[in-house]
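Colleague: For reference, the file input12.txt (compact mmCIF, C-alpha atoms) is included below:
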# COMPACT_ATOMS: atom_id res chain seq x y z
CA MET J 79 17.92 4.34 -10.12
CA VAL J 80 17.39 7.87 -8.87
CA ASP J 81 20.37 10.24 -8.91
CA GLY J 82 22.44 7.27 -10.00
CA LYS J 83 22.62 5.90 -6.47
CA TYR J 84 19.19 5.04 -5.06
CA PHE J 85 17.41 1.82 -6.00
CA VAL J 86 13.71 2.64 -5.67
CA THR J 87 10.77 0.36 -4.89
CA ASP J 88 7.34 1.95 -5.22
CA SER J 89 5.40 0.03 -2.58
CA HIS J 90 1.91 1.26 -3.42
CA CYS J 91 0.69 0.93 -7.02
CA HIS J 92 -2.77 0.06 -8.34
CA ILE J 93 -3.09 -1.59 -11.74
CA TYR J 94 -6.11 -2.72 -13.76
CA PRO J 95 -6.75 -4.61 -17.00
CA GLU J 96 -6.69 -2.28 -19.99
CA LYS J 97 -10.41 -2.70 -20.73
CA ILE J 98 -11.56 -1.52 -17.29
CA ALA J 99 -8.72 0.82 -16.27
CA GLU J 100 -10.45 4.05 -17.20
CA LYS J 101 -13.62 3.11 -15.32
CA ALA J 102 -11.70 1.88 -12.26
CA VAL J 103 -9.53 5.00 -12.04
CA GLY J 104 -12.60 7.20 -12.48
CA GLY J 105 -14.35 5.48 -9.60
CA THR J 106 -11.43 6.09 -7.26
CA ASP J 107 -11.19 9.70 -8.42
CA ARG J 108 -14.83 10.27 -7.52
CA PHE J 109 -14.36 8.64 -4.12
CA TYR J 110 -11.49 10.99 -3.23
CA GLY J 111 -12.45 14.05 -5.24
CA VAL J 112 -9.26 14.10 -7.32
CA THR J 113 -8.23 13.68 -10.95
CA SER J 114 -5.57 11.01 -11.34
CA HIS J 115 -2.39 11.90 -13.21
CA CYS J 116 -1.97 8.47 -14.82
CA ARG J 117 -3.97 5.75 -16.58
CA GLY J 118 -3.77 2.75 -14.24
CA THR J 119 -2.44 0.20 -16.75
CA VAL J 120 0.78 -1.78 -16.45
CA GLU J 121 2.19 -0.25 -19.62
CA ASP J 122 1.59 3.26 -18.27
CA LEU J 123 2.98 2.37 -14.83
CA LEU J 124 6.24 1.13 -16.34
CA SER J 125 6.49 4.18 -18.58
CA GLU J 126 5.81 6.69 -15.80
CA GLY J 127 8.06 4.78 -13.43
CA GLU J 128 10.95 4.86 -15.88
CA LYS J 129 10.63 8.64 -16.16
CA ALA J 130 10.83 8.85 -12.37
CA GLY J 131 13.77 6.44 -12.02
CA ILE J 132 11.72 3.85 -10.12
CA ASP J 133 13.16 0.34 -10.40
CA ARG J 134 10.46 -1.92 -8.95
CA PHE J 135 6.73 -1.69 -8.26
CA ILE J 136 4.55 -3.48 -5.72
CA VAL J 137 1.22 -3.80 -7.49
CA GLN J 138 -2.24 -4.47 -6.15
CA SER J 139 -5.97 -4.05 -6.61
CA VAL J 140 -9.02 -4.32 -4.37
CA ALA J 141 -12.01 -6.68 -4.54
CA THR J 142 -15.29 -4.92 -3.83
CA THR J 143 -17.15 -8.26 -3.83
CA PRO J 144 -15.99 -11.77 -2.86
CA LYS J 145 -16.44 -13.06 -6.42
CA GLN J 146 -13.76 -10.67 -7.65
CA VAL J 147 -11.01 -12.05 -5.41
CA LYS J 148 -9.86 -14.96 -7.58
CA SER J 149 -9.83 -13.07 -10.87
CA ILE J 150 -8.03 -10.04 -9.41
CA ASN J 151 -5.36 -12.18 -7.78
CA GLU J 152 -4.80 -14.12 -10.98
CA PHE J 153 -4.56 -10.87 -12.96
CA ILE J 154 -1.96 -9.46 -10.56
CA ALA J 155 0.03 -12.71 -10.58
CA GLY J 156 -0.10 -12.82 -14.39
CA GLU J 157 1.32 -9.32 -14.72
CA VAL J 158 4.06 -10.11 -12.20
CA ALA J 159 5.02 -13.21 -14.22
CA ALA J 160 5.06 -11.14 -17.41
CA HIS J 161 7.39 -8.54 -15.90
CA PRO J 162 9.92 -10.42 -13.76
CA GLY J 163 12.11 -8.23 -11.61
CA LYS J 164 9.90 -5.18 -12.19
CA LEU J 165 6.60 -6.10 -10.54
CA VAL J 166 5.87 -7.68 -7.15
CA GLY J 167 2.26 -8.60 -6.40
CA LEU J 168 -0.05 -8.32 -3.43
CA GLY J 169 -3.31 -10.23 -3.33
CA THR J 170 -6.76 -9.04 -2.34
CA LEU J 171 -9.21 -10.61 0.10
CA HIS J 172 -12.82 -9.85 1.00
CA PRO J 173 -14.27 -10.43 4.49
CA ASP J 174 -17.52 -11.84 3.07
CA SER J 175 -15.77 -14.68 1.24
CA GLU J 176 -17.13 -18.14 2.05
CA ASP J 177 -13.60 -19.59 1.94
CA LEU J 178 -11.02 -17.17 3.27
CA ALA J 179 -8.56 -19.97 3.99
CA GLY J 180 -8.87 -21.11 0.39
CA ASP J 181 -8.40 -17.55 -0.90
CA VAL J 182 -5.24 -17.14 1.17
CA ALA J 183 -3.90 -20.51 0.01
CA HIS J 184 -4.59 -19.55 -3.60
CA LEU J 185 -2.84 -16.20 -3.43
CA ARG J 186 0.17 -17.84 -1.82
CA GLU J 187 0.24 -20.47 -4.58
CA LEU J 188 0.24 -17.59 -7.06
CA GLY J 189 3.39 -16.23 -5.43
CA LEU J 190 1.81 -13.03 -4.13
CA ARG J 191 3.79 -11.47 -1.28
CA GLY J 192 1.09 -9.98 0.92
CA VAL J 193 -2.48 -8.71 1.08
CA LYS J 194 -4.02 -5.35 0.23
CA LEU J 195 -7.18 -4.28 2.05
CA HIS J 196 -9.14 -1.03 1.66
CA PRO J 197 -11.73 -0.85 4.46
CA ASP J 198 -13.29 2.39 3.20
CA ILE J 199 -13.84 1.24 -0.39
CA GLN J 200 -14.65 -2.35 0.63
CA ALA J 201 -16.99 -0.91 3.29
CA PHE J 202 -15.97 -2.81 6.41
CA LYS J 203 -14.66 -1.63 9.75
CA ILE J 204 -11.16 -2.87 10.49
CA ASP J 205 -12.31 -4.41 13.77
CA ASP J 206 -15.43 -6.02 12.27
CA TYR J 207 -15.73 -9.66 13.39
CA ARG J 208 -15.84 -10.71 9.73
CA CYS J 209 -12.23 -9.58 9.31
CA LEU J 210 -10.72 -11.44 12.23
CA LYS J 211 -10.18 -14.61 10.19
CA ILE J 212 -8.16 -12.57 7.68
CA TYR J 213 -5.85 -11.32 10.42
CA GLU J 214 -5.54 -14.78 11.90
CA LEU J 215 -4.60 -16.31 8.55
CA CYS J 216 -2.14 -13.57 7.64
CA GLU J 217 -0.49 -13.75 11.03
CA GLU J 218 -0.25 -17.53 10.75
CA THR J 219 1.24 -17.49 7.24
CA GLY J 220 3.46 -14.43 7.67
CA LEU J 221 1.67 -12.37 5.02
CA PRO J 222 1.98 -8.62 5.64
CA ILE J 223 -1.15 -6.55 5.09
CA LEU J 224 -0.93 -3.23 3.27
CA MET J 225 -4.07 -1.52 4.49
CA HIS J 226 -5.66 1.78 3.60
CA THR J 227 -5.83 3.71 6.86
CA GLY J 228 -7.62 6.91 7.76
CA ASP J 229 -10.49 9.01 6.47
CA ASN J 230 -12.10 11.87 8.36
CA ARG J 231 -15.36 11.28 6.43
CA TYR J 232 -15.92 7.73 7.69
CA ASP J 233 -15.14 5.47 10.63
CA TYR J 234 -13.92 2.35 8.89
CA SER J 235 -10.14 2.64 9.08
CA ASN J 236 -9.18 5.16 11.73
CA PRO J 237 -6.83 4.41 14.66
CA ASN J 238 -9.64 3.50 17.04
CA ARG J 239 -10.42 0.54 14.74
CA LEU J 240 -6.88 -0.66 14.06
CA LEU J 241 -5.13 -0.22 17.40
CA PRO J 242 -6.97 -3.12 19.11
CA ILE J 243 -6.16 -5.38 16.14
CA LEU J 244 -2.46 -4.58 16.43
CA ASP J 245 -2.64 -5.55 20.11
CA ILE J 246 -4.56 -8.80 19.59
CA TYR J 247 -2.64 -10.01 16.53
CA SER J 248 0.82 -9.05 17.73
CA GLY J 249 2.51 -11.33 15.19
CA LEU J 250 0.73 -9.66 12.27
CA THR J 251 2.57 -7.04 10.22
CA VAL J 252 0.41 -4.14 9.05
CA ILE J 253 1.55 -1.38 6.73
CA GLY J 254 -0.73 1.61 7.15
CA ALA J 255 -1.01 3.47 3.86
CA HIS J 256 -0.84 7.28 3.78
CA PHE J 257 1.34 7.65 6.88
CA GLY J 258 -1.22 5.61 8.81
CA GLY J 259 -4.07 8.06 8.36
CA TRP J 260 -5.23 9.69 5.14
CA SER J 261 -6.67 13.14 6.02
CA ILE J 262 -5.67 12.61 9.68
CA TRP J 263 -1.93 12.25 9.09
CA GLU J 264 -0.55 13.90 12.21
CA GLU J 265 -3.18 12.56 14.59
CA ALA J 266 -2.56 9.03 13.36
CA SER J 267 1.21 9.32 13.64
CA PHE J 268 1.02 10.24 17.31
CA GLN J 269 -1.25 7.26 18.03
CA TYR J 270 0.67 4.63 16.07
CA ALA J 271 4.28 5.65 16.64
CA GLY J 272 6.23 2.97 18.49
CA ARG J 273 3.96 0.06 17.54
CA LYS J 274 6.31 -2.83 16.80
CA ASN J 275 4.10 -4.54 14.21
CA PHE J 276 3.10 -1.38 12.37
CA TYR J 277 4.74 0.32 9.39
CA VAL J 278 3.52 3.07 7.08
CA ASP J 279 3.92 4.20 3.51
CA CYS J 280 4.03 7.82 2.39
CA SER J 281 1.56 7.54 -0.50
CA SER J 282 -1.15 10.17 -1.10
CA SER J 283 0.32 12.38 1.59
CA PHE J 284 2.87 14.81 0.13
CA PRO J 285 0.26 16.80 -1.87
CA TYR J 286 -1.52 17.62 1.39
CA LEU J 287 1.38 18.19 3.81
CA SER J 288 4.13 20.74 4.14
CA ALA J 289 7.65 19.39 3.74
CA GLU J 290 8.32 20.14 7.39
CA THR J 291 5.26 18.20 8.58
CA ALA J 292 6.03 15.23 6.31
CA LYS J 293 9.59 15.09 7.65
CA GLU J 294 8.34 15.28 11.24
CA ILE J 295 5.93 12.41 10.66
CA ILE J 296 8.66 10.26 9.10
CA ARG J 297 10.94 10.83 12.05
CA ARG J 298 8.12 10.29 14.52
CA TYR J 299 7.67 6.78 13.12
CA GLY J 300 11.37 6.30 12.41
CA ALA J 301 12.76 5.87 8.90
CA ASP J 302 13.00 2.12 9.45
CA ARG J 303 9.19 2.05 9.62
CA VAL J 304 8.39 4.01 6.44
CA LEU J 305 8.03 2.78 2.84
CA PHE J 306 8.03 4.92 -0.28
CA GLY J 307 4.82 4.69 -2.31
CA THR J 308 3.16 6.85 -4.95
CA ASP J 309 -0.41 5.50 -4.96
CA TYR J 310 -0.10 5.22 -8.74
CA PRO J 311 -2.12 6.16 -10.80
CA MET J 312 -3.33 8.96 -8.56
CA TRP J 313 -0.17 11.08 -8.54
CA SER J 314 2.80 11.68 -10.81
CA PRO J 315 5.55 9.22 -9.78
CA ARG J 316 8.25 11.69 -10.84
CA GLU J 317 6.77 14.48 -8.71
CA GLU J 318 6.35 12.13 -5.75
CA ILE J 319 10.00 11.02 -5.82
CA GLU J 320 11.19 14.60 -6.30
CA THR J 321 9.14 15.76 -3.31
CA PHE J 322 10.47 12.93 -1.16
CA LEU J 323 14.08 13.71 -2.02
CA SER J 324 13.54 17.40 -1.24
CA LEU J 325 12.62 16.73 2.41
CA GLY J 326 16.21 16.87 3.59
CA LEU J 327 16.42 13.38 5.08
CA ASP J 328 19.74 11.69 5.81
CA GLU J 329 21.26 9.26 3.30
CA SER J 330 20.55 6.29 5.57
CA GLU J 331 16.93 7.37 5.99
CA ILE J 332 16.48 7.79 2.24
CA LYS J 333 17.86 4.32 1.48
CA CYS J 334 15.67 2.67 4.11
CA ILE J 335 12.50 4.31 2.83
CA LEU J 336 13.16 3.94 -0.90
CA ASN J 337 13.95 0.25 -0.82
CA SER J 338 15.42 -1.49 2.23
CA ASN J 339 12.25 -1.53 4.32
CA SER J 340 10.00 -2.90 1.59
CA SER J 341 12.60 -5.48 0.60
CA GLN J 342 12.72 -6.77 4.15
CA LEU J 343 8.96 -6.80 4.71
CA PHE J 344 8.10 -8.52 1.43
CA GLY J 345 11.13 -10.83 1.27
CA LEU J 346 12.67 -9.23 -1.83
CA GLU J 347 16.29 -9.22 -2.98
Turn the structure described in the file into structure tokens.

Modeller:
Amino acid sequence: MVDGKYFVTDSHCHIYPEKIAEKAVGGTDRFYGVTSHCRGTVEDLLSEGEKAGIDRFIVQSVATTPKQVKSINEFIAGEVAAHPGKLVGLGTLHPDSEDLAGDVAHLRELGLRGVKLHPDIQAFKIDDYRCLKIYELCEETGLPILMHTGDNRYDYSNPNRLLPILDIYSGLTVIGAHFGGWSIWEEASFQYAGRKNFYVDCSSSFPYLSAETAKEIIRRYGADRVLFGTDYPMWSPREEIETFLSLGLDESEIKCILNSNSSQLFGLE
């Protein structure tokens, strides 16, 4: 609990097995030109989260090849089972899989609550024909997709790619990470605001935005469309929660963003 009154769900956390965590975190650091604050292991996540007053973590990882999908999903599910009440898992998929339906069935059997996709790291355009089966299956099974969105260096995950998908798959729920557009935060918010099947998280955004701009973006989407997320291990969870609470949002907005919205989207108590 934060300030003794806010139950907090961190909706955007990456975890890795201990033996590969350092390498995995280093690869992401090089991709974004940052130095992560944390280690990327479950033990470290729980420790850093406790310091920040975070109660629950939605954990995920990304498959860069189809052959990684099964092992990653089983790793995530195993950690969730080992930490009941603390961790909630999202599965990964890869558009080049020979059996996407089987992958989706497997992650559902594992009890994973949604899907994480990272078009820029997985190197596919959101509207690539290879991905349409993923959207169809997730829409059909009610699995929300937490998707990395936005990058001014590439054209994989920007609004021009996602907007048509939101129109076509109107029953699909997409959560756009990084306020819907990493590095193009404001531009993205103007294009996505008002989309009924689109939500955002605030991860990897506060270090780049003024408090005033972050607050404007939240209210442009509406607090009922925003999830709190730290993008662990990239940033300090304690600093992220402190920055969020300093924005001057209303009590009802704070409660929605810190827990209510993610609980509703992922079917959590």

Colleague: Smallest atom-to-atom distance to Ser267 in chain J: which of J:Tyr286, J:Pro315, J:Pro237, J:Ser248, using all atoms listed in the file?

Modeller: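 Among J:Tyr286, J:Pro315, J:Pro237, J:Ser248, it is J:Pro237 that comes nearest to Ser267 in chain J.
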
Colleague: For range 96-100 of chain J, please output as a list in words all residues within 6 Å (counting only C-alpha atoms; exclusion window: fewer than 3 positions along the same chain).

Modeller: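 Near neighbours after the sequence-gap exclusion: Val103, Gly118 and Thr119 of chain J.
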
Colleague: At what distance in Å, to one decimal, does CA of Gly220 in chain J lie from CA of Asn275 in chain J?

Modeller: 11.9 Å

Colleague: Between CA of Glu264 in chain J and CA of Asn238 in chain J, what is the spacing in Å?

Modeller: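 Atom-to-atom, CA of Asn238 in chain J to CA of Glu264 in chain J, that is 14.6 Å.
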
Colleague: Select, from J:Pro197, J:Pro222, J:Gly228, J:Gly127, the residue with the minimum atom-to-atom distance to Leu168 in chain J, counting only C-alpha atoms.

Modeller: J:Pro222

Colleague: Compare J:Trp260, J:Phe109, J:Tyr310, J:Tyr270 by their minimum atom-to-atom distance to Ile199 in chain J, counting all atoms listed in the file, and give me the closest one.

Modeller: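 Going through J:Trp260, J:Phe109, J:Tyr310, J:Tyr270 one by one, the smallest distance to Ile199 in chain J is for J:Phe109.
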
Colleague: So which residues touch Thr227 in chain J within 7 Å, counting only C-alpha atoms, skipping near sequence neighbours fewer than 6 positions away, as a list in words?

Modeller: Ser235, Asn236, Gly254, Ala255, His256, Gly258, Gly259 and Trp260 of chain J

Colleague: If you measure from CA of Ala201 in chain J to CA of Tyr277 in chain J, what distance in Å do you get, rounded to one decimal?

Modeller: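 Computing the Euclidean distance for CA of Ala201 in chain J and CA of Tyr277 in chain J yields 22.6 Å.
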
Colleague: When you count all atoms listed in the file, which of these residues is closest to Tyr234 in chain J: J:Asn337, J:Ser314, J:Thr87, J:Gln200?

Modeller: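 Closest to Tyr234 in chain J of all the choices is J:Gln200.
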
Colleague: Just checking: using all atoms listed in the file, which residue out of J:Ala130, J:Ile204, J:Val112, J:Ala289 ends up closest to Pro242 in chain J?

Modeller: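 For Pro242 in chain J, the nearest of the candidates is J:Ile204.
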
Colleague: Hey, what's within 12 Å of Cys91 in chain J if we count all atoms listed in the file and toss same-chain stuff fewer than 5 positions away? As number ranges by chain, please?

Modeller: J: 116-120, 122-124, 126-127, 132, 134-140, 154, 165-168, 194, 224, 255, 279, 281-282, 306-315

Colleague: Which polymer residues have any atom within 10 Å of an atom of Ala271 in chain J, counting only C-alpha atoms, with same-chain residues fewer than 3 positions away left out, as a ChimeraX atom specification?

Modeller: /J:258,266-268,274,276-278,295-300,303

Colleague: Using only C-alpha atoms, which residue out of J:Lys211, J:Lys83, J:His92, J:Lys293 lies closest to Asp181 in chain J?

Modeller: J:Lys211

Colleague: What are the centre and the three edge lengths of an axis-aligned box that wraps all atoms of range 187-203 of chain J in the file, given that 8 Å is added to every side, written as JSON and rounded to one decimal in Å?

Modeller:
{"center_x": -6.6, "center_y": -9.0, "center_z": 1.3, "size_x": 36.8, "size_y": 38.9, "size_z": 32.8}

Colleague: Could you name the residues that touch range 319-334 of chain J at 8 Å or less, counting all atoms listed in the file, but leaving out those on the same chain fewer than 2 positions away, as a list in words?

Modeller: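 Here the qualifying residues turn out to be Tyr84, Phe85, Ala130, Phe284, Ala289, Glu290, Ala292, Lys293, Ala301, Asp302, Val304, Leu305, Pro315, Arg316, Glu317, Leu336, Asn337, Ser338 and Asn339 of chain J.
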
Colleague: Emit a file covering range 235-288 of chain J of the preceding structure with C-alpha atoms, as a compact mmCIF listing (two decimals), in the first residue's frame.

Modeller:
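The result, written out as result_7.txt:
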# COMPACT_ATOMS: atom_id res chain seq x y z
CA SER J 235 4.23 0.52 -33.77
CA ASN J 236 3.11 4.08 -34.44
CA PRO J 237 -0.54 5.18 -34.64
CA ASN J 238 -0.76 4.78 -38.41
CA ARG J 239 -0.18 1.03 -37.88
CA LEU J 240 -2.48 0.46 -34.91
CA LEU J 241 -5.49 2.66 -35.67
CA PRO J 242 -6.79 0.43 -38.52
CA ILE J 243 -6.44 -2.64 -36.28
CA LEU J 244 -8.53 -1.00 -33.56
CA ASP J 245 -11.21 -0.32 -36.18
CA ILE J 246 -11.21 -3.82 -37.69
CA TYR J 247 -11.00 -5.76 -34.42
CA SER J 248 -13.45 -3.64 -32.46
CA GLY J 249 -13.92 -6.36 -29.82
CA LEU J 250 -10.19 -6.53 -29.10
CA THR J 251 -8.80 -4.70 -26.07
CA VAL J 252 -5.38 -3.13 -26.60
CA ILE J 253 -3.33 -1.43 -23.91
CA GLY J 254 -0.81 0.86 -25.55
CA ALA J 255 2.33 1.03 -23.42
CA HIS J 256 4.04 4.38 -22.77
CA PHE J 257 0.89 6.51 -23.06
CA GLY J 258 0.29 4.97 -26.49
CA GLY J 259 3.46 6.31 -28.06
CA TRP J 260 6.99 6.11 -26.67
CA SER J 261 8.91 9.20 -27.91
CA ILE J 262 5.71 10.52 -29.56
CA TRP J 263 3.62 10.77 -26.39
CA GLU J 264 1.55 13.85 -27.15
CA GLU J 265 1.02 13.10 -30.84
CA ALA J 266 -0.21 9.62 -30.01
CA SER J 267 -2.57 10.82 -27.30
CA PHE J 268 -4.37 13.15 -29.68
CA GLN J 269 -4.81 10.34 -32.23
CA TYR J 270 -5.96 7.62 -29.84
CA ALA J 271 -8.07 9.55 -27.34
CA GLY J 272 -11.69 8.41 -27.39
CA ARG J 273 -11.04 4.95 -28.84
CA LYS J 274 -13.35 2.61 -26.94
CA ASN J 275 -11.13 -0.47 -27.17
CA PHE J 276 -7.88 1.31 -26.35
CA TYR J 277 -6.20 1.88 -22.99
CA VAL J 278 -2.69 3.05 -22.10
CA ASP J 279 -0.14 2.61 -19.37
CA CYS J 280 2.18 5.33 -18.13
CA SER J 281 5.41 3.32 -18.18
CA SER J 282 8.68 4.78 -19.52
CA SER J 283 7.08 8.19 -19.86
CA PHE J 284 7.58 10.25 -16.70
CA PRO J 285 11.37 10.58 -17.15
CA TYR J 286 10.77 12.29 -20.50
CA LEU J 287 7.71 14.46 -19.78
CA SER J 288 6.98 17.44 -17.60
